[in-house]
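Presented below is the structure to which this report refers.
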Amino acid sequence: MASSSDASSSAGSNPEQPGSDIASEGTAGTGSSNVSEFAEGAGKDTGRRGRVRLRRAAVMAVPATLVAATLAVLTAQGALGVQFAISGMPFTVTATELKGTGFEQFGALDHMIEGSPNEGDTGGQVLVITSAIKTATLTNLCQSVDLGGINLLIKAGNAGTPVSATDLTTDSTEVAGDATFDDIEIGNDASTLSAAGVKGPEGVFSQQARTVRIAKLRQTNYATTAGVFKLPGLKLSFSSTGC
């Protein structure tokens with residue numbers, strides 16, 4: 001808000017300010033009245049400018065809000081693959097059997113944080129096989145990660161109720177087992193996949209199938225994501241041996 005003294009000074013120095021002609025003719029009272037009106041008008045202008053700035057800030061915030069909301073929806077729908085920086089520590093996953101509906105597989109590149117102590121000679125990047133499954137069950141799940149002389153071990157789904165997951169993605173450097181696919185397509189462009197709702201990079205080789213079954217599954221993974229992951233009979237422990 002402009003003060004009266006600031007406005008008076010401005011009026012005296014600028015011959016085009018309201019009231020300056022009257023003030024120069026010696027009608028001080030009238031000049032003072034005009035200066036007051038000018039100060040009041042300046043205050044109203046400041047208020048209007050403040051409201052305009054607030055409206056502009058609100059408009060600028062809308063796209064960011066929409067982007068955040070879109071990312072949340074896409075993640076919930078499994079339309080995004082791994083988006084976080086990986087630790088660079090591989091972990092092993094085994095299961096007696098994996099069954100899935102809506103299967104996709106394509107090549108991708110995972111990244112570690114800059115200067116990660118685990119990057120070795122990789123430059124902080126790992127070439128991986130991304131497997132995406134819309135709905136999956138895993139019997140006798142075992143997951144282990146070598147922490148340097150001791151393994152963190154996770155077991156679940158071994159008491160009659162399998163582990164279940166929706167919108168499951170795994171980034172692996174090795175996948176092994178006895179696999180059976182129904183209605184498989186091999187050689188798709190990864191950006192055109194539709195079976196699991198995940199889109200891979202353009203121009204990358206991929207495959208998809210209506211269903212997948214892998215007996216004696218064994219994976220070396222760098223990342224896993226899921227919309228929902230249920231682990232009945234979960235047991236977490238440390239062990240001298242992994243899966």
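Each chain of the structure tokens is named A, B, ... in the order shown, its residues numbered from 1; ligands are numbered from 1 in display order.
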Counting only C-alpha atoms, which residues of range 116-147 of chain A sit at most 10 Å from some atom of range 216-233 of chain A, and what is each one's closest atom pair with its distance in Å to one decimal, listed by chain and rising residue number, as JSON lines?
{"residue": "A:Val126", "atom": "CA", "partner": "A:Tyr222", "partner_atom": "CA", "distance": 8.5}
{"residue": "A:Val128", "atom": "CA", "partner": "A:Tyr222", "partner_atom": "CA", "distance": 8.1}
{"residue": "A:Ile129", "atom": "CA", "partner": "A:Asn221", "partner_atom": "CA", "distance": 9.1}
{"residue": "A:Thr130", "atom": "CA", "partner": "A:Ala223", "partner_atom": "CA", "distance": 9.3}
{"residue": "A:Ser131", "atom": "CA", "partner": "A:Thr224", "partner_atom": "CA", "distance": 9.6}
{"residue": "A:Ala132", "atom": "CA", "partner": "A:Thr225", "partner_atom": "CA", "distance": 9.4}
{"residue": "A:Ile133", "atom": "CA", "partner": "A:Ala226", "partner_atom": "CA", "distance": 9.3}
{"residue": "A:Lys134", "atom": "CA", "partner": "A:Ala226", "partner_atom": "CA", "distance": 9.3}
{"residue": "A:Thr135", "atom": "CA", "partner": "A:Val228", "partner_atom": "CA", "distance": 9.5}
{"residue": "A:Ala136", "atom": "CA", "partner": "A:Phe229", "partner_atom": "CA", "distance": 9.6}
{"residue": "A:Thr137", "atom": "CA", "partner": "A:Lys230", "partner_atom": "CA", "distance": 9.4}
{"residue": "A:Leu138", "atom": "CA", "partner": "A:Leu217", "partner_atom": "CA", "distance": 9.2}
{"residue": "A:Thr139", "atom": "CA", "partner": "A:Lys216", "partner_atom": "CA", "distance": 9.9}
{"residue": "A:Leu141", "atom": "CA", "partner": "A:Leu231", "partner_atom": "CA", "distance": 8.8}
{"residue": "A:Cys142", "atom": "CA", "partner": "A:Arg218", "partner_atom": "CA", "distance": 9.5}
{"residue": "A:Gln143", "atom": "CA", "partner": "A:Gln219", "partner_atom": "CA", "distance": 9.4}
{"residue": "A:Ser144", "atom": "CA", "partner": "A:Thr220", "partner_atom": "CA", "distance": 9.9}
{"residue": "A:Val145", "atom": "CA", "partner": "A:Asn221", "partner_atom": "CA", "distance": 9.8}
Inset, instruction - For CA of Asp121 in chain A and CA of Gly149 in chain A, determine how far apart the two atoms are, in Å to one decimal place. - result: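 Between these atoms lies a distance of 21.9 Å.
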Inset, instruction - Go through A:Thr101, A:Thr94, A:Ser116, A:Thr241 one by one, measure the shortest atom-to-atom distance of each to Lys155 in chain A using only C-alpha atoms, and give the residue with the smallest value. - result: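 Of all the options, A:Thr94 lies closest to Lys155 in chain A.
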Legend entry - One-decimal distance in Å that lies between CA of Asp171 in chain A and CA of Glu202 in chain A: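 According to the coordinates, CA of Glu202 in chain A and CA of Asp171 in chain A are separated by 17.7 Å.
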